[in-house]
$ cat model_13.txt   # compact mmCIF, C-alpha atoms
# COMPACT_ATOMS: atom_id res chain seq x y z
CA MET Q 29 35.10 12.35 -4.37
CA LYS Q 30 35.06 9.03 -2.55
CA LYS Q 31 32.96 10.58 0.24
CA LEU Q 32 30.54 12.00 -2.31
CA LEU Q 33 30.30 8.63 -4.04
CA ALA Q 34 29.75 6.88 -0.72
CA LEU Q 35 27.01 9.33 0.25
CA THR Q 36 25.35 8.91 -3.13
CA LEU Q 37 25.40 5.12 -2.83
CA ALA Q 38 24.05 5.33 0.69
CA LEU Q 39 21.21 7.57 -0.46
CA ILE Q 40 20.37 5.19 -3.28
CA MET Q 41 20.26 2.29 -0.81
CA VAL Q 42 17.99 4.21 1.57
CA LEU Q 43 15.62 5.11 -1.26
CA ALA Q 44 15.64 1.51 -2.50
CA LEU Q 45 14.86 0.18 0.95
CA ALA Q 46 12.08 2.75 1.36
CA ALA Q 47 10.57 1.72 -1.97
CA CYS Q 48 10.83 -1.94 -1.00
CA GLY Q 49 9.16 -1.18 2.32
CA ALA Q 50 6.31 0.64 0.59
CA GLU Q 51 5.81 -2.28 -1.78
CA THR Q 52 5.73 -4.72 1.14
CA ALA Q 53 3.24 -2.58 3.01
CA ASP Q 54 0.95 -2.42 -0.05
CA SER Q 55 1.06 -6.19 -0.41
CA GLU Q 56 0.12 -6.84 3.21
CA LEU Q 57 -3.27 -8.40 3.84
CA LYS Q 58 -5.78 -5.72 4.75
CA THR Q 59 -9.46 -6.11 5.57
CA ILE Q 60 -12.22 -3.56 6.10
CA GLU Q 61 -12.25 -4.12 9.83
CA GLU Q 62 -9.08 -5.20 11.60
CA GLY Q 63 -9.21 -8.79 12.81
CA LYS Q 64 -12.32 -9.63 10.77
CA LEU Q 65 -13.16 -11.14 7.40
CA ILE Q 66 -16.54 -9.72 6.38
CA MET Q 67 -18.52 -11.83 3.93
CA SER Q 68 -21.59 -10.65 2.05
CA THR Q 69 -24.06 -13.31 0.92
CA ASN Q 70 -27.67 -14.07 0.11
CA ALA Q 71 -28.62 -16.71 2.67
CA ALA Q 72 -31.48 -18.17 0.63
CA PHE Q 73 -29.43 -20.53 -1.51
CA PRO Q 74 -29.32 -23.92 0.26
CA PRO Q 75 -27.11 -25.83 0.70
CA TYR Q 76 -24.50 -23.13 -0.04
CA GLU Q 77 -25.90 -20.59 2.42
CA MET Q 78 -29.04 -20.49 4.53
CA THR Q 79 -30.24 -19.22 7.87
CA THR Q 80 -30.63 -21.44 10.92
CA ASP Q 81 -33.43 -21.51 13.48
CA ASP Q 82 -31.32 -19.57 15.96
CA GLY Q 83 -30.69 -16.75 13.50
CA GLY Q 84 -27.24 -17.92 12.45
CA PHE Q 85 -25.94 -19.11 9.10
CA ALA Q 86 -25.01 -22.50 7.68
CA GLY Q 87 -24.05 -24.10 4.40
CA ILE Q 88 -21.11 -24.89 2.15
CA ASP Q 89 -20.00 -21.30 1.61
CA VAL Q 90 -20.39 -20.46 5.30
CA GLU Q 91 -18.28 -23.40 6.44
CA ILE Q 92 -15.57 -22.87 3.82
CA ALA Q 93 -15.42 -19.15 4.65
CA THR Q 94 -15.13 -20.02 8.35
CA GLU Q 95 -12.16 -22.29 7.65
CA ILE Q 96 -10.53 -19.66 5.41
CA ALA Q 97 -10.92 -17.03 8.14
CA LYS Q 98 -9.24 -19.37 10.63
CA LYS Q 99 -6.32 -19.89 8.24
CA LEU Q 100 -5.95 -16.12 7.93
CA GLY Q 101 -6.22 -15.58 11.68
CA LEU Q 102 -9.44 -13.61 11.28
CA GLU Q 103 -12.96 -13.76 12.67
CA LEU Q 104 -15.69 -14.33 10.07
CA GLU Q 105 -18.62 -11.92 10.01
CA ILE Q 106 -21.55 -12.57 7.66
CA LEU Q 107 -23.84 -9.93 6.16
CA ASP Q 108 -27.06 -11.27 4.62
CA MET Q 109 -28.62 -9.25 1.78
CA ASP Q 110 -30.08 -9.53 -1.72
CA PHE Q 111 -27.82 -11.23 -4.25
CA ASP Q 112 -27.22 -8.05 -6.26
CA ALA Q 113 -26.37 -6.14 -3.09
CA ALA Q 114 -24.01 -8.90 -1.96
CA LEU Q 115 -22.04 -8.53 -5.19
CA LEU Q 116 -21.91 -4.74 -4.89
CA ALA Q 117 -20.87 -4.85 -1.23
CA VAL Q 118 -17.24 -5.71 -2.02
CA ASN Q 119 -16.96 -2.69 -4.34
CA GLU Q 120 -18.66 -0.38 -1.85
CA GLY Q 121 -16.34 -1.28 1.02
CA LYS Q 122 -19.07 -3.06 2.98
CA SER Q 123 -17.57 -6.54 2.74
CA ASP Q 124 -14.18 -8.11 2.07
CA ILE Q 125 -15.55 -11.05 0.11
CA VAL Q 126 -18.75 -12.23 -1.49
CA MET Q 127 -19.72 -15.91 -1.36
CA ALA Q 128 -23.19 -16.75 -2.59
CA GLY Q 129 -22.72 -19.44 -5.19
CA VAL Q 130 -21.07 -16.75 -7.33
CA THR Q 131 -20.20 -17.77 -10.88
CA VAL Q 132 -17.13 -16.31 -12.54
CA ASN Q 133 -17.99 -14.60 -15.83
CA GLU Q 134 -16.42 -11.91 -17.98
CA ASP Q 135 -18.78 -9.13 -16.87
CA ARG Q 136 -18.12 -9.75 -13.20
CA LYS Q 137 -14.36 -9.96 -13.78
CA LEU Q 138 -14.48 -6.37 -15.00
CA VAL Q 139 -15.56 -5.11 -11.57
CA MET Q 140 -14.12 -7.62 -9.11
CA ASP Q 141 -11.29 -10.12 -8.74
CA PHE Q 142 -11.92 -13.80 -8.11
CA THR Q 143 -10.11 -16.52 -6.24
CA ASN Q 144 -9.58 -19.98 -7.63
CA SER Q 145 -12.76 -22.02 -7.96
CA TYR Q 146 -13.78 -24.06 -4.92
CA SER Q 147 -16.93 -25.73 -6.29
CA THR Q 148 -18.70 -26.55 -9.55
CA GLY Q 149 -22.33 -25.59 -9.93
CA VAL Q 150 -24.77 -27.22 -12.33
CA GLN Q 151 -27.88 -25.24 -13.17
CA VAL Q 152 -31.05 -27.21 -13.78
CA VAL Q 153 -34.72 -26.57 -14.49
CA ILE Q 154 -37.44 -27.20 -11.89
CA ILE Q 155 -40.90 -28.00 -13.26
CA LYS Q 156 -44.21 -29.32 -11.98
CA GLU Q 157 -44.69 -33.07 -12.34
CA GLY Q 158 -46.52 -33.78 -15.59
CA SER Q 159 -45.44 -30.48 -17.14
CA ASP Q 160 -44.85 -30.26 -20.90
CA VAL Q 161 -41.74 -28.12 -20.38
CA THR Q 162 -38.60 -29.53 -22.03
CA MET Q 163 -35.08 -28.26 -22.56
CA ASP Q 164 -36.03 -27.65 -26.20
CA ASN Q 165 -39.13 -25.53 -25.61
CA LEU Q 166 -37.94 -23.30 -22.74
CA GLY Q 167 -38.03 -20.30 -25.06
CA GLU Q 168 -41.80 -20.74 -25.40
CA LYS Q 169 -42.40 -20.78 -21.63
CA MET Q 170 -42.30 -18.32 -18.74
CA ILE Q 171 -39.16 -18.89 -16.68
CA GLY Q 172 -38.55 -17.86 -13.08
CA ALA Q 173 -35.02 -17.07 -11.88
CA GLN Q 174 -33.29 -15.25 -9.05
CA ARG Q 175 -32.50 -11.66 -9.95
CA GLY Q 176 -28.82 -10.98 -10.64
CA THR Q 177 -27.80 -14.63 -10.95
CA THR Q 178 -26.23 -16.07 -14.07
CA GLY Q 179 -29.39 -18.14 -14.49
CA TYR Q 180 -31.36 -14.93 -14.92
CA ILE Q 181 -28.65 -13.22 -16.96
CA TYR Q 182 -28.25 -16.08 -19.42
CA ALA Q 183 -31.96 -16.88 -19.76
CA SER Q 184 -33.03 -13.25 -20.24
CA ASP Q 185 -30.39 -12.59 -22.90
CA THR Q 186 -31.44 -12.34 -26.53
CA PRO Q 187 -32.04 -15.50 -28.58
CA GLU Q 188 -29.09 -14.45 -30.77
CA ASN Q 189 -26.86 -14.79 -27.67
CA GLY Q 190 -28.37 -18.10 -26.58
CA GLY Q 191 -31.04 -16.72 -24.23
CA TYR Q 192 -34.82 -16.60 -24.43
CA GLY Q 193 -35.41 -12.86 -24.13
CA GLU Q 194 -36.46 -10.71 -21.15
CA ASP Q 195 -40.16 -11.21 -21.92
CA HIS Q 196 -39.75 -14.93 -21.15
CA VAL Q 197 -38.05 -14.53 -17.77
CA THR Q 198 -39.43 -13.21 -14.48
CA PRO Q 199 -36.84 -12.14 -11.86
CA TYR Q 200 -37.36 -12.87 -8.15
CA ASP Q 201 -35.46 -11.77 -5.06
CA ASN Q 202 -34.46 -15.33 -4.19
CA GLY Q 203 -34.85 -18.93 -5.25
CA ALA Q 204 -37.59 -19.68 -2.70
CA THR Q 205 -39.82 -16.93 -4.11
CA ALA Q 206 -39.24 -18.17 -7.65
CA VAL Q 207 -40.18 -21.72 -6.64
CA GLN Q 208 -43.31 -20.44 -4.89
CA ALA Q 209 -44.26 -18.64 -8.11
CA LEU Q 210 -43.92 -21.97 -9.93
CA ILE Q 211 -46.18 -23.66 -7.39
CA ASN Q 212 -48.71 -20.84 -7.79
CA GLY Q 213 -48.69 -21.20 -11.57
CA GLN Q 214 -47.13 -17.80 -12.22
CA VAL Q 215 -44.21 -19.32 -14.13
CA ASP Q 216 -43.76 -22.59 -15.98
CA CYS Q 217 -40.35 -23.47 -14.60
CA VAL Q 218 -37.44 -22.21 -12.50
CA ILE Q 219 -33.76 -22.18 -13.48
CA ILE Q 220 -31.46 -22.59 -10.48
CA ASP Q 221 -28.39 -24.46 -9.24
CA SER Q 222 -28.89 -28.21 -8.87
CA ALA Q 223 -28.07 -28.30 -5.15
CA PRO Q 224 -30.75 -25.81 -4.01
CA ALA Q 225 -33.06 -27.26 -6.67
CA ALA Q 226 -32.87 -30.64 -4.94
CA GLU Q 227 -33.69 -28.98 -1.60
CA TYR Q 228 -36.71 -27.14 -3.02
CA VAL Q 229 -38.05 -30.24 -4.77
CA LYS Q 230 -37.61 -32.28 -1.59
CA ALA Q 231 -39.57 -29.70 0.39
CA ASN Q 232 -42.36 -29.27 -2.18
CA PRO Q 233 -44.18 -32.43 -3.36
CA GLY Q 234 -45.37 -32.14 -6.92
CA LEU Q 235 -42.18 -30.57 -8.21
CA THR Q 236 -39.40 -32.33 -10.10
CA ILE Q 237 -36.16 -31.51 -11.90
CA LEU Q 238 -36.07 -31.68 -15.67
CA GLU Q 239 -33.59 -34.27 -16.91
CA GLY Q 240 -30.32 -32.82 -18.13
CA GLU Q 241 -27.99 -29.98 -17.23
CA TRP Q 242 -28.89 -26.45 -18.33
CA VAL Q 243 -25.48 -24.84 -17.62
CA THR Q 244 -22.34 -25.92 -15.74
CA GLU Q 245 -20.30 -23.23 -13.96
CA ASP Q 246 -17.41 -22.70 -11.55
CA TYR Q 247 -18.03 -20.96 -8.21
CA ALA Q 248 -15.37 -18.70 -6.71
CA ILE Q 249 -14.97 -16.01 -4.05
CA GLY Q 250 -15.27 -12.41 -5.21
CA CYS Q 251 -13.06 -9.62 -3.82
CA ASP Q 252 -12.76 -5.92 -4.56
CA LYS Q 253 -10.95 -5.17 -7.80
CA GLY Q 254 -7.23 -4.80 -7.18
CA ASN Q 255 -7.16 -6.43 -3.74
CA THR Q 256 -4.46 -8.83 -4.87
CA ALA Q 257 -3.13 -9.53 -1.38
CA LEU Q 258 -6.52 -10.82 -0.19
CA VAL Q 259 -7.07 -12.93 -3.30
CA GLU Q 260 -3.62 -14.52 -2.94
CA ALA Q 261 -4.10 -15.15 0.79
CA ILE Q 262 -7.46 -16.81 0.21
CA ASN Q 263 -6.04 -18.91 -2.64
CA GLU Q 264 -3.29 -20.15 -0.33
CA ALA Q 265 -5.87 -21.01 2.32
CA LEU Q 266 -8.10 -22.74 -0.24
CA GLU Q 267 -5.15 -24.75 -1.53
CA ALA Q 268 -4.35 -25.97 1.97
CA LEU Q 269 -8.01 -26.73 2.76
CA THR Q 270 -8.35 -28.63 -0.51
CA ALA Q 271 -5.13 -30.57 0.04
CA ASP Q 272 -6.14 -31.73 3.51
CA GLY Q 273 -9.64 -32.74 2.36
CA THR Q 274 -11.55 -30.06 4.28
CA VAL Q 275 -13.30 -28.58 1.22
CA LYS Q 276 -14.39 -31.99 -0.07
CA LYS Q 277 -15.63 -32.97 3.38
CA ILE Q 278 -17.75 -29.82 3.61
CA VAL Q 279 -19.20 -30.23 0.10
CA ASP Q 280 -19.90 -33.96 0.58
CA LYS Q 281 -21.63 -33.18 3.88
CA HIS Q 282 -24.20 -30.99 2.12
CA ILE Q 283 -24.38 -32.54 -1.37
CA THR Q 284 -24.77 -36.31 -1.54
CA ALA Q 285 -24.25 -38.43 -4.63
CA GLU Q 286 -27.92 -39.38 -4.79

$ encode --input "model_13.txt" --output "structure tokens"
Amino acid sequence: MKKLLALTLALIMVLALAACGAETADSELKTIEEGKLIMSTNAAFPPYEMTTDDGGFAGIDVEIATEIAKKLGLELEILDMDFDAALLAVNEGKSDIVMAGVTVNEDRKLVMDFTNSYSTGVQVVIIKEGSDVTMDNLGEKMIGAQRGTTGYIYASDTPENGGYGEDHVTPYDNGATAVQALINGQVDCVIIDSAPAAEYVKANPGLTILEGEWVTEDYAIGCDKGNTALVEAINEALEALTADGTVKKIVDKHITAE
């Protein structure tokens, strides 16, 4: 009887250890390609992400992702694509993370998991100097916005939900194209994040930013739904990078107080 009891206890312990081992294995950090952290983005959103003259990438998201990859002992690889495709890439197994000035909202939380916020984005309205566009009459104007962004989603929603309706919003593949449409007179204004808005206005005389904030949002890193280990690892890295001032240094480098 004692032998039987001992064998039974031993078996229980083996099974318990096996279960524990399986749980540990499932919680281990895994990426699509061993040794790499693949990031999908839309590199037409300065100063968060943009291309460089030598064909590389730069910007707030790029530099923060680079530092996160270092913390995780991984090599960062960046895939540039349309904004919608960048969001889908994490669900399709093409990228581990998406960083493209991505706002956390309820719809996106249904299909992906998000890290803690690393930056706050303020959306503003770009207009031509002398324009009669105001925050109060946006619903009477034609608005340009980047397809798939919260700017487009919110603005094209129904008036009952606080939007202006799809017939008042024209989607574009990126912010630069939307701004060019404004210059060409195809739209009356462009809704976009304040940081890239400042860059576009600086590069295009005759444009200005309407006074006031249209929407304020939190930016975070998107991961495939259920990839808890990666989200937790990135959060730990972000916490360390925030604590030592790295995140603030990167943001301040690209966004000045002026």

$ closest_residue --input "model_13.txt" --among "Q:Pro75, Q:Gly203, Q:Gly63, Q:Gly149" --to "Ile278 in chain Q" --atoms "all atoms listed in the file"
Q:Pro75

$ atom_distance --input "model_13.txt" --atom1 "CA of Gln151 in chain Q" --atom2 "CA of Gly179 in chain Q"
7.4 Å

$ atom_distance --input "model_13.txt" --atom1 "CA of Leu166 in chain Q" --atom2 "CA of Ile219 in chain Q"
10.2 Å

$ atom_distance --input "model_13.txt" --atom1 "CA of Thr131 in chain Q" --atom2 "CA of Glu245 in chain Q"
6.3 Å

$ closest_residue --input "model_13.txt" --among "Q:Thr177, Q:Cys217, Q:Gly172, Q:Asp81" --to "Val197 in chain Q" --atoms "all atoms listed in the file"
Q:Gly172

$ residues_around --input "model_13.txt" --residues "Lys64 in chain Q" --least-positions-apart "5" --cutoff "8 Å" --atoms "only C-alpha atoms" --output "list in words"
Thr59, Ala97, Leu102, Glu103, Leu104 and Glu105 of chain Q

$ decode --input "model_13.txt" --residues "range 226-260 of chain Q" --atoms "N, CA and C atoms" --output "PDB file, in the first residue's frame"
ATOM      1  N   ALA Q 226       2.827  69.727 -38.067  1.00  0.00           N
ATOM      2  CA  ALA Q 226       3.842  70.789 -37.984  1.00  0.00           C
ATOM      3  C   ALA Q 226       4.896  70.625 -39.073  1.00  0.00           C
ATOM      4  N   GLU Q 227       5.263  69.375 -39.365  1.00  0.00           N
ATOM      5  CA  GLU Q 227       6.256  69.107 -40.415  1.00  0.00           C
ATOM      6  C   GLU Q 227       5.715  69.493 -41.785  1.00  0.00           C
ATOM      7  N   TYR Q 228       4.463  69.141 -42.058  1.00  0.00           N
ATOM      8  CA  TYR Q 228       3.866  69.447 -43.362  1.00  0.00           C
ATOM      9  C   TYR Q 228       3.682  70.951 -43.558  1.00  0.00           C
ATOM     10  N   VAL Q 229       3.263  71.638 -42.499  1.00  0.00           N
ATOM     11  CA  VAL Q 229       3.090  73.089 -42.582  1.00  0.00           C
ATOM     12  C   VAL Q 229       4.432  73.782 -42.793  1.00  0.00           C
ATOM     13  N   LYS Q 230       5.446  73.305 -42.100  1.00  0.00           N
ATOM     14  CA  LYS Q 230       6.795  73.862 -42.249  1.00  0.00           C
ATOM     15  C   LYS Q 230       7.316  73.706 -43.675  1.00  0.00           C
ATOM     16  N   ALA Q 231       6.973  72.595 -44.298  1.00  0.00           N
ATOM     17  CA  ALA Q 231       7.472  72.297 -45.649  1.00  0.00           C
ATOM     18  C   ALA Q 231       6.616  72.905 -46.755  1.00  0.00           C
ATOM     19  N   ASN Q 232       5.436  73.419 -46.406  1.00  0.00           N
ATOM     20  CA  ASN Q 232       4.523  73.938 -47.426  1.00  0.00           C
ATOM     21  C   ASN Q 232       4.005  75.321 -47.049  1.00  0.00           C
ATOM     22  N   PRO Q 233       4.680  76.390 -47.484  1.00  0.00           N
ATOM     23  CA  PRO Q 233       4.222  77.756 -47.205  1.00  0.00           C
ATOM     24  C   PRO Q 233       2.785  77.954 -47.688  1.00  0.00           C
ATOM     25  N   GLY Q 234       2.037  78.672 -46.901  1.00  0.00           N
ATOM     26  CA  GLY Q 234       0.641  78.908 -47.267  1.00  0.00           C
ATOM     27  C   GLY Q 234      -0.326  78.043 -46.488  1.00  0.00           C
ATOM     28  N   LEU Q 235       0.216  77.084 -45.735  1.00  0.00           N
ATOM     29  CA  LEU Q 235      -0.618  76.246 -44.890  1.00  0.00           C
ATOM     30  C   LEU Q 235      -0.438  76.641 -43.431  1.00  0.00           C
ATOM     31  N   THR Q 236      -1.441  76.391 -42.626  1.00  0.00           N
ATOM     32  CA  THR Q 236      -1.363  76.687 -41.203  1.00  0.00           C
ATOM     33  C   THR Q 236      -2.221  75.678 -40.440  1.00  0.00           C
ATOM     34  N   ILE Q 237      -2.059  75.651 -39.139  1.00  0.00           N
ATOM     35  CA  ILE Q 237      -2.825  74.730 -38.300  1.00  0.00           C
ATOM     36  C   ILE Q 237      -3.910  75.513 -37.574  1.00  0.00           C
ATOM     37  N   LEU Q 238      -5.130  75.017 -37.692  1.00  0.00           N
ATOM     38  CA  LEU Q 238      -6.255  75.651 -37.021  1.00  0.00           C
ATOM     39  C   LEU Q 238      -6.054  75.621 -35.510  1.00  0.00           C
ATOM     40  N   GLU Q 239      -6.368  76.703 -34.841  1.00  0.00           N
ATOM     41  CA  GLU Q 239      -6.162  76.784 -33.396  1.00  0.00           C
ATOM     42  C   GLU Q 239      -7.083  75.801 -32.676  1.00  0.00           C
ATOM     43  N   GLY Q 240      -6.513  75.102 -31.720  1.00  0.00           N
ATOM     44  CA  GLY Q 240      -7.293  74.160 -30.923  1.00  0.00           C
ATOM     45  C   GLY Q 240      -6.949  72.711 -31.235  1.00  0.00           C
ATOM     46  N   GLU Q 241      -7.311  71.840 -30.322  1.00  0.00           N
ATOM     47  CA  GLU Q 241      -7.071  70.405 -30.494  1.00  0.00           C
ATOM     48  C   GLU Q 241      -8.353  69.736 -30.967  1.00  0.00           C
ATOM     49  N   TRP Q 242      -8.245  68.893 -31.997  1.00  0.00           N
ATOM     50  CA  TRP Q 242      -9.422  68.186 -32.504  1.00  0.00           C
ATOM     51  C   TRP Q 242      -9.701  66.949 -31.644  1.00  0.00           C
ATOM     52  N   VAL Q 243      -8.677  66.140 -31.404  1.00  0.00           N
ATOM     53  CA  VAL Q 243      -8.792  64.945 -30.558  1.00  0.00           C
ATOM     54  C   VAL Q 243      -7.442  64.681 -29.905  1.00  0.00           C
ATOM     55  N   THR Q 244      -7.443  64.214 -28.658  1.00  0.00           N
ATOM     56  CA  THR Q 244      -6.212  63.813 -27.987  1.00  0.00           C
ATOM     57  C   THR Q 244      -6.270  62.305 -27.729  1.00  0.00           C
ATOM     58  N   GLU Q 245      -5.174  61.600 -28.059  1.00  0.00           N
ATOM     59  CA  GLU Q 245      -5.166  60.138 -27.996  1.00  0.00           C
ATOM     60  C   GLU Q 245      -3.851  59.621 -27.421  1.00  0.00           C
ATOM     61  N   ASP Q 246      -3.888  58.361 -26.994  1.00  0.00           N
ATOM     62  CA  ASP Q 246      -2.677  57.684 -26.517  1.00  0.00           C
ATOM     63  C   ASP Q 246      -2.184  56.724 -27.590  1.00  0.00           C
ATOM     64  N   TYR Q 247      -0.862  56.749 -27.852  1.00  0.00           N
ATOM     65  CA  TYR Q 247      -0.255  55.830 -28.807  1.00  0.00           C
ATOM     66  C   TYR Q 247       0.351  54.647 -28.056  1.00  0.00           C
ATOM     67  N   ALA Q 248       0.207  53.465 -28.625  1.00  0.00           N
ATOM     68  CA  ALA Q 248       0.779  52.260 -28.024  1.00  0.00           C
ATOM     69  C   ALA Q 248       1.239  51.317 -29.125  1.00  0.00           C
ATOM     70  N   ILE Q 249       1.882  50.233 -28.730  1.00  0.00           N
ATOM     71  CA  ILE Q 249       2.400  49.240 -29.679  1.00  0.00           C
ATOM     72  C   ILE Q 249       1.407  48.089 -29.771  1.00  0.00           C
ATOM     73  N   GLY Q 250       1.011  47.746 -30.988  1.00  0.00           N
ATOM     74  CA  GLY Q 250       0.059  46.671 -31.197  1.00  0.00           C
ATOM     75  C   GLY Q 250       0.751  45.340 -31.426  1.00  0.00           C
ATOM     76  N   CYS Q 251       0.224  44.276 -30.814  1.00  0.00           N
ATOM     77  CA  CYS Q 251       0.735  42.910 -30.987  1.00  0.00           C
ATOM     78  C   CYS Q 251      -0.428  41.988 -31.338  1.00  0.00           C
ATOM     79  N   ASP Q 252      -0.112  40.811 -31.832  1.00  0.00           N
ATOM     80  CA  ASP Q 252      -1.153  39.856 -32.171  1.00  0.00           C
ATOM     81  C   ASP Q 252      -1.969  39.499 -30.926  1.00  0.00           C
ATOM     82  N   LYS Q 253      -3.247  39.327 -31.117  1.00  0.00           N
ATOM     83  CA  LYS Q 253      -4.151  39.008 -30.013  1.00  0.00           C
ATOM     84  C   LYS Q 253      -3.698  37.732 -29.315  1.00  0.00           C
ATOM     85  N   GLY Q 254      -3.531  37.807 -27.999  1.00  0.00           N
ATOM     86  CA  GLY Q 254      -3.140  36.642 -27.219  1.00  0.00           C
ATOM     87  C   GLY Q 254      -1.649  36.475 -27.013  1.00  0.00           C
ATOM     88  N   ASN Q 255      -0.836  37.326 -27.639  1.00  0.00           N
ATOM     89  CA  ASN Q 255       0.615  37.215 -27.462  1.00  0.00           C
ATOM     90  C   ASN Q 255       1.031  37.958 -26.188  1.00  0.00           C
ATOM     91  N   THR Q 256       0.581  37.417 -25.068  1.00  0.00           N
ATOM     92  CA  THR Q 256       0.784  38.054 -23.769  1.00  0.00           C
ATOM     93  C   THR Q 256       2.257  38.181 -23.408  1.00  0.00           C
ATOM     94  N   ALA Q 257       3.045  37.170 -23.734  1.00  0.00           N
ATOM     95  CA  ALA Q 257       4.464  37.188 -23.377  1.00  0.00           C
ATOM     96  C   ALA Q 257       5.179  38.361 -24.042  1.00  0.00           C
ATOM     97  N   LEU Q 258       4.850  38.633 -25.311  1.00  0.00           N
ATOM     98  CA  LEU Q 258       5.496  39.739 -26.019  1.00  0.00           C
ATOM     99  C   LEU Q 258       5.037  41.074 -25.455  1.00  0.00           C
ATOM    100  N   VAL Q 259       3.755  41.205 -25.184  1.00  0.00           N
ATOM    101  CA  VAL Q 259       3.234  42.452 -24.611  1.00  0.00           C
ATOM    102  C   VAL Q 259       3.906  42.741 -23.276  1.00  0.00           C
ATOM    103  N   GLU Q 260       4.009  41.721 -22.422  1.00  0.00           N
ATOM    104  CA  GLU Q 260       4.627  41.913 -21.105  1.00  0.00           C
ATOM    105  C   GLU Q 260       6.107  42.248 -21.212  1.00  0.00           C
TER     106      GLU Q 260
END
